[in-house]
Every structure is written in C-alpha cells, then in structure tokens.
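Have a look at the structure below before the remarks.
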Amino acid sequence: MRTVAGSILIFVASGLVGPLLRWATWPPSHAPQGSGFSFDDFVYDLVLLLWPTQPLAVMEVTMGSFAAVTLSVGANALFFGIVGALAAVIARQPRKLLGFYLAACLVVFLLAFWSAGFSVAFLNVGALAVAFLLYAVLFFVVFGFASKG
C-alpha cells in the first residue's frame, strides 16, 4: 500500500512540473527562430510533453481563463496519478514496468509527432529526449519504492 500511495504522490507532483515550467517561462514564445537551436522552442515543446492535457485549456473561450487552466492542470494531475497507480501495481515486475514505461514513451512520442505536424523535420528531439529521461526517473523511483517495500 505504501508503494501505491508513494507512487501516486510522486506522479501527481511530477504532473505539476509542466504547468510550473510554463508559469516560470510565461509568456510562451513559439515563433520560428530560423535554423539552429531555439531555447524557446525547446521549452514550448517540453511543456507540452510534460503537460499532455494542456490542450484542454482551449476551453478558455467558453469557460474563462482560470477555469480552463484549473481544468487542464487538474486533469494532468489526475492523469499522472492514474499512471502512477498503475505503475505501482506492477512495480515488483520489472519487465512489465519497463513495458509500461515504453508504452508511455510511445504515447509521448505520438504527442510530439502530432505537435510537429506529423513531420519528422519539425520534431523537437531534444525536448523528446528530456521528457523520456524525466519519465524514466519517475518509473525508476517507483521501482525503487517497490524494491524496498
């Protein structure tokens, strides 16, 4: 039970990283910077990969800014909590946990590919790699909880 609660808490807290990163780098800038590396593009894409429910905020038009942001952040925390609970349930089975992590990476890749307009040329590989690494840390921590418990 401790593993499940700890995993959910860690995942829910990490579900707030994307919104906090967006808040810390406000206002967002996603204007093309020409060729080469753009820190603004990197942060813009990384926020989306860490806050996959961010597109829910388009409901701002009908429900207002505060309600839309609250809905989007709350949905992200809930989504991450569910993923954390599922990870905790299989945490004592390393192969299943690895498979779950790889499935999560596939979903994140598809989100990044969608965000890039289904074009590999516009795929932000740096943001994708950092997101994969951050998600790997979460799954590794859950595995560590299960090993100790």
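Scheme for the structure tokens: letters A, B, ... for chains in order shown; per-chain residue numbers from 1; ligand numbers from 1 in order shown.
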| query | Any idea what's packed within 10 Å of segment 109-118 of chain A, counting only C-alpha atoms, ignoring anything in its chain fewer than 3 positions away? Could you give it as a PyMOL selection string? | reply | chain A and resi 45-46+48-49+52+103-106+121-125+127-129+131-132
Just-selected residues, all heavy atoms written as a tab-separated table (two decimals), in the first residue's frame:
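again.tsv, written as the output of this step:
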```tsv
chain	number	residue	atom	x	y	z
A	45	ASP	N	7.96	22.95	-26.46
A	45	ASP	CA	7.68	21.54	-26.74
A	45	ASP	C	7.79	20.68	-25.49
A	45	ASP	O	6.99	19.77	-25.27
A	45	ASP	CB	8.61	21.02	-27.84
A	45	ASP	CG	8.28	21.61	-29.19
A	45	ASP	OD1	7.13	22.07	-29.39
A	45	ASP	OD2	9.17	21.62	-30.06
A	46	LEU	N	8.78	20.97	-24.65
A	46	LEU	CA	8.92	20.20	-23.41
A	46	LEU	C	7.71	20.36	-22.51
A	46	LEU	O	7.24	19.38	-21.92
A	46	LEU	CB	10.20	20.62	-22.67
A	46	LEU	CG	10.50	19.85	-21.39
A	46	LEU	CD1	10.68	18.36	-21.67
A	46	LEU	CD2	11.73	20.41	-20.70
A	48	LEU	N	4.64	20.88	-23.38
A	48	LEU	CA	3.55	20.05	-23.92
A	48	LEU	C	3.77	18.57	-23.59
A	48	LEU	O	2.82	17.87	-23.24
A	48	LEU	CB	3.42	20.23	-25.43
A	48	LEU	CG	2.34	19.36	-26.09
A	48	LEU	CD1	0.95	19.71	-25.55
A	48	LEU	CD2	2.39	19.50	-27.60
A	49	LEU	N	5.01	18.11	-23.65
A	49	LEU	CA	5.29	16.70	-23.39
A	49	LEU	C	5.17	16.36	-21.90
A	49	LEU	O	4.91	15.21	-21.55
A	49	LEU	CB	6.68	16.33	-23.91
A	49	LEU	CG	6.85	16.51	-25.42
A	49	LEU	CD1	8.27	16.17	-25.84
A	49	LEU	CD2	5.84	15.71	-26.20
A	52	PRO	N	0.55	16.86	-20.94
A	52	PRO	CA	-0.20	16.40	-22.11
A	52	PRO	C	-1.66	16.84	-22.14
A	52	PRO	O	-2.28	16.83	-23.21
A	52	PRO	CB	-0.08	14.88	-22.06
A	52	PRO	CG	0.32	14.56	-20.67
A	52	PRO	CD	1.04	15.74	-20.13
A	103	ALA	N	5.53	1.93	-23.27
A	103	ALA	CA	4.22	2.32	-23.79
A	103	ALA	C	3.98	3.82	-23.55
A	103	ALA	O	3.46	4.53	-24.43
A	103	ALA	CB	3.12	1.49	-23.17
A	104	ALA	N	4.37	4.29	-22.37
A	104	ALA	CA	4.23	5.73	-22.07
A	104	ALA	C	5.10	6.55	-23.01
A	104	ALA	O	4.67	7.60	-23.51
A	104	ALA	CB	4.61	6.00	-20.61
A	105	CYS	N	6.30	6.06	-23.29
A	105	CYS	CA	7.19	6.76	-24.23
A	105	CYS	C	6.58	6.80	-25.63
A	105	CYS	O	6.71	7.81	-26.33
A	105	CYS	CB	8.56	6.10	-24.27
A	105	CYS	SG	9.56	6.43	-22.81
A	106	LEU	N	5.93	5.73	-26.03
A	106	LEU	CA	5.28	5.71	-27.34
A	106	LEU	C	4.18	6.77	-27.40
A	106	LEU	O	4.08	7.51	-28.40
A	106	LEU	CB	4.71	4.32	-27.64
A	106	LEU	CG	3.92	4.20	-28.95
A	106	LEU	CD1	4.84	4.47	-30.14
A	106	LEU	CD2	3.28	2.83	-29.05
A	121	ALA	N	10.79	16.36	-39.60
A	121	ALA	CA	11.64	17.54	-39.75
A	121	ALA	C	11.40	18.56	-38.63
A	121	ALA	O	12.31	19.29	-38.25
A	121	ALA	CB	11.40	18.19	-41.11
A	122	PHE	N	10.18	18.62	-38.11
A	122	PHE	CA	9.85	19.61	-37.08
A	122	PHE	C	9.80	19.00	-35.67
A	122	PHE	O	9.44	19.68	-34.73
A	122	PHE	CB	8.52	20.29	-37.40
A	122	PHE	CG	8.57	21.09	-38.66
A	122	PHE	CD1	7.90	20.66	-39.79
A	122	PHE	CD2	9.31	22.26	-38.73
A	122	PHE	CE1	7.95	21.39	-40.97
A	122	PHE	CE2	9.38	23.00	-39.89
A	122	PHE	CZ	8.69	22.56	-41.02
A	123	LEU	N	10.14	17.73	-35.56
A	123	LEU	CA	10.14	17.05	-34.27
A	123	LEU	C	11.28	17.57	-33.41
A	123	LEU	O	12.43	17.59	-33.84
A	123	LEU	CB	10.28	15.54	-34.49
A	123	LEU	CG	10.06	14.63	-33.30
A	123	LEU	CD1	8.61	14.73	-32.81
A	123	LEU	CD2	10.37	13.20	-33.68
A	124	ASN	N	10.97	18.00	-32.21
A	124	ASN	CA	11.99	18.53	-31.30
A	124	ASN	C	12.58	17.35	-30.53
A	124	ASN	O	12.09	16.96	-29.47
A	124	ASN	CB	11.37	19.56	-30.36
A	124	ASN	CG	12.41	20.33	-29.59
A	124	ASN	OD1	13.48	19.82	-29.28
A	124	ASN	ND2	12.10	21.58	-29.28
A	125	VAL	N	13.64	16.80	-31.07
A	125	VAL	CA	14.25	15.60	-30.50
A	125	VAL	C	14.83	15.87	-29.11
A	125	VAL	O	14.77	15.02	-28.23
A	125	VAL	CB	15.33	15.03	-31.45
A	125	VAL	CG1	16.02	13.83	-30.85
A	125	VAL	CG2	14.71	14.67	-32.80
A	127	ALA	N	13.71	18.03	-26.76
A	127	ALA	CA	12.61	18.04	-25.78
A	127	ALA	C	12.08	16.63	-25.56
A	127	ALA	O	11.76	16.25	-24.43
A	127	ALA	CB	11.50	18.97	-26.26
A	128	LEU	N	12.01	15.86	-26.62
A	128	LEU	CA	11.53	14.48	-26.51
A	128	LEU	C	12.49	13.65	-25.65
A	128	LEU	O	12.04	12.89	-24.78
A	128	LEU	CB	11.40	13.87	-27.92
A	128	LEU	CG	10.71	12.54	-28.05
A	128	LEU	CD1	9.28	12.59	-27.51
A	128	LEU	CD2	10.71	12.09	-29.50
A	129	ALA	N	13.78	13.80	-25.86
A	129	ALA	CA	14.77	13.06	-25.07
A	129	ALA	C	14.71	13.43	-23.60
A	129	ALA	O	14.77	12.56	-22.72
A	129	ALA	CB	16.18	13.30	-25.63
A	131	ALA	N	12.10	14.65	-22.01
A	131	ALA	CA	10.85	14.10	-21.48
A	131	ALA	C	11.00	12.60	-21.19
A	131	ALA	O	10.58	12.13	-20.13
A	131	ALA	CB	9.71	14.35	-22.45
A	132	PHE	N	11.59	11.86	-22.12
A	132	PHE	CA	11.82	10.42	-21.90
A	132	PHE	C	12.67	10.20	-20.64
A	132	PHE	O	12.39	9.31	-19.85
A	132	PHE	CB	12.52	9.79	-23.09
A	132	PHE	CG	11.65	9.55	-24.30
A	132	PHE	CD1	12.23	9.19	-25.50
A	132	PHE	CD2	10.27	9.66	-24.25
A	132	PHE	CE1	11.45	8.97	-26.63
A	132	PHE	CE2	9.48	9.44	-25.36
A	132	PHE	CZ	10.07	9.09	-26.56
```
| What's the 6 Å shell around segment 138-147 of chain A, counting only C-alpha atoms, without same-chain residues fewer than 2 positions away, as a PyMOL selection string? | chain A and resi 3+7+91-92+135-136+149
| query | Which residues, written as a ChimeraX atom specification, have at least one atom at most 12 Å from Gly18 of chain A, with only C-alpha atoms counted and residues fewer than 2 positions away on the same chain left out? | reply | /A:12-16,20-25,43-54,72-73,76-77,80,131,134
Convert the current residue selection to file output with N, CA, C and O atoms, as a CSV table (one decimal), in the first residue's frame.
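The file below, again_13.csv, is the result:
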```
chain,number,residue,atom,x,y,z
A,12,VAL,N,1.7,12.5,-9.2
A,12,VAL,CA,0.9,13.7,-9.2
A,12,VAL,C,1.8,14.9,-9.1
A,12,VAL,O,1.5,15.9,-9.8
A,13,ALA,N,2.8,14.9,-8.2
A,13,ALA,CA,3.7,16.0,-8.1
A,13,ALA,C,4.4,16.3,-9.4
A,13,ALA,O,4.6,17.4,-9.8
A,14,SER,N,4.8,15.2,-10.0
A,14,SER,CA,5.5,15.4,-11.3
A,14,SER,C,4.6,15.9,-12.4
A,14,SER,O,5.0,16.6,-13.4
A,15,GLY,N,3.3,15.6,-12.3
A,15,GLY,CA,2.3,16.1,-13.2
A,15,GLY,C,2.2,17.7,-13.1
A,15,GLY,O,1.6,18.3,-14.0
A,16,LEU,N,2.7,18.3,-12.1
A,16,LEU,CA,2.7,19.7,-11.9
A,16,LEU,C,3.9,20.4,-12.5
A,16,LEU,O,4.0,21.6,-12.6
A,20,LEU,N,4.1,24.2,-14.0
A,20,LEU,CA,5.1,25.1,-13.3
A,20,LEU,C,6.1,25.7,-14.3
A,20,LEU,O,6.5,26.8,-14.2
A,21,LEU,N,6.6,24.8,-15.2
A,21,LEU,CA,7.6,25.2,-16.2
A,21,LEU,C,7.0,26.3,-17.1
A,21,LEU,O,7.6,27.3,-17.4
A,22,ARG,N,5.7,26.1,-17.5
A,22,ARG,CA,5.0,27.1,-18.3
A,22,ARG,C,4.9,28.4,-17.6
A,22,ARG,O,5.1,29.5,-18.1
A,23,TRP,N,4.5,28.3,-16.3
A,23,TRP,CA,4.3,29.5,-15.5
A,23,TRP,C,5.7,30.2,-15.3
A,23,TRP,O,5.7,31.5,-15.4
A,24,ALA,N,6.7,29.5,-15.1
A,24,ALA,CA,8.1,30.1,-14.9
A,24,ALA,C,8.6,30.7,-16.2
A,24,ALA,O,9.4,31.6,-16.1
A,25,THR,N,8.1,30.3,-17.4
A,25,THR,CA,8.6,30.9,-18.6
A,25,THR,C,7.6,31.7,-19.4
A,25,THR,O,7.6,31.8,-20.6
A,43,VAL,N,11.6,24.7,-24.8
A,43,VAL,CA,10.7,24.8,-23.6
A,43,VAL,C,9.3,24.7,-24.0
A,43,VAL,O,8.5,23.9,-23.3
A,44,TYR,N,8.9,25.3,-25.1
A,44,TYR,CA,7.5,25.2,-25.6
A,44,TYR,C,7.1,23.7,-25.8
A,44,TYR,O,6.1,23.2,-25.3
A,45,ASP,N,8.0,23.0,-26.5
A,45,ASP,CA,7.7,21.5,-26.7
A,45,ASP,C,7.8,20.7,-25.5
A,45,ASP,O,7.0,19.8,-25.3
A,46,LEU,N,8.8,21.0,-24.6
A,46,LEU,CA,8.9,20.2,-23.4
A,46,LEU,C,7.7,20.4,-22.5
A,46,LEU,O,7.2,19.4,-21.9
A,47,VAL,N,7.2,21.6,-22.4
A,47,VAL,CA,6.0,21.8,-21.6
A,47,VAL,C,4.8,20.9,-22.1
A,47,VAL,O,4.1,20.3,-21.3
A,48,LEU,N,4.6,20.9,-23.4
A,48,LEU,CA,3.6,20.1,-23.9
A,48,LEU,C,3.8,18.6,-23.6
A,48,LEU,O,2.8,17.9,-23.2
A,49,LEU,N,5.0,18.1,-23.7
A,49,LEU,CA,5.3,16.7,-23.4
A,49,LEU,C,5.2,16.4,-21.9
A,49,LEU,O,4.9,15.2,-21.6
A,50,LEU,N,5.4,17.3,-21.0
A,50,LEU,CA,5.2,17.1,-19.6
A,50,LEU,C,3.8,17.5,-19.1
A,50,LEU,O,3.5,17.2,-18.0
A,51,TRP,N,3.0,18.1,-19.9
A,51,TRP,CA,1.7,18.6,-19.6
A,51,TRP,C,0.8,18.2,-20.8
A,51,TRP,O,0.2,19.0,-21.5
A,52,PRO,N,0.6,16.9,-20.9
A,52,PRO,CA,-0.2,16.4,-22.1
A,52,PRO,C,-1.7,16.8,-22.1
A,52,PRO,O,-2.3,16.8,-23.2
A,53,THR,N,-2.2,17.3,-21.0
A,53,THR,CA,-3.6,17.7,-21.0
A,53,THR,C,-3.7,19.2,-21.3
A,53,THR,O,-4.8,19.8,-21.2
A,54,GLN,N,-2.6,19.9,-21.5
A,54,GLN,CA,-2.6,21.3,-21.8
A,54,GLN,C,-3.6,21.7,-22.9
A,54,GLN,O,-4.2,22.8,-22.7
A,72,SER,N,-7.3,22.0,-16.9
A,72,SER,CA,-6.2,21.4,-17.6
A,72,SER,C,-5.1,20.9,-16.6
A,72,SER,O,-4.6,19.8,-16.7
A,73,VAL,N,-4.8,21.7,-15.6
A,73,VAL,CA,-3.8,21.3,-14.6
A,73,VAL,C,-4.4,20.1,-13.7
A,73,VAL,O,-3.7,19.1,-13.5
A,76,ASN,N,-4.3,17.0,-15.7
A,76,ASN,CA,-2.9,16.4,-15.8
A,76,ASN,C,-2.5,15.7,-14.5
A,76,ASN,O,-1.9,14.6,-14.5
A,77,ALA,N,-2.8,16.3,-13.4
A,77,ALA,CA,-2.5,15.7,-12.1
A,77,ALA,C,-3.3,14.4,-11.9
A,77,ALA,O,-2.7,13.4,-11.5
A,80,PHE,N,-1.6,11.8,-14.3
A,80,PHE,CA,-0.4,11.3,-13.8
A,80,PHE,C,-0.6,10.4,-12.6
A,80,PHE,O,0.1,9.5,-12.3
A,131,ALA,N,12.1,14.6,-22.0
A,131,ALA,CA,10.8,14.1,-21.5
A,131,ALA,C,11.0,12.6,-21.2
A,131,ALA,O,10.6,12.1,-20.1
A,134,LEU,N,13.0,12.2,-18.0
A,134,LEU,CA,12.3,12.6,-16.8
A,134,LEU,C,11.2,11.5,-16.5
A,134,LEU,O,11.1,11.2,-15.3
```
| request: Could you tell me which of A:Ala75, A:Val130, A:Leu97, A:Asp41 comes closest to Leu56 of chain A if we count only C-alpha atoms? | output: A:Ala75
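Shortest atom-to-atom contact with Val137 of chain A among A:Val108, A:Ala88, A:Ile10, A:Ala67: A:Ile10, counting only C-alpha atoms.
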| If you run DSSP on the backbone, which residues of chain A are alpha helix (DSSP H), as a PyMOL selection string? | chain A and resi 2-14+17-24+39-50+60-63+65-89+94-115+125-148
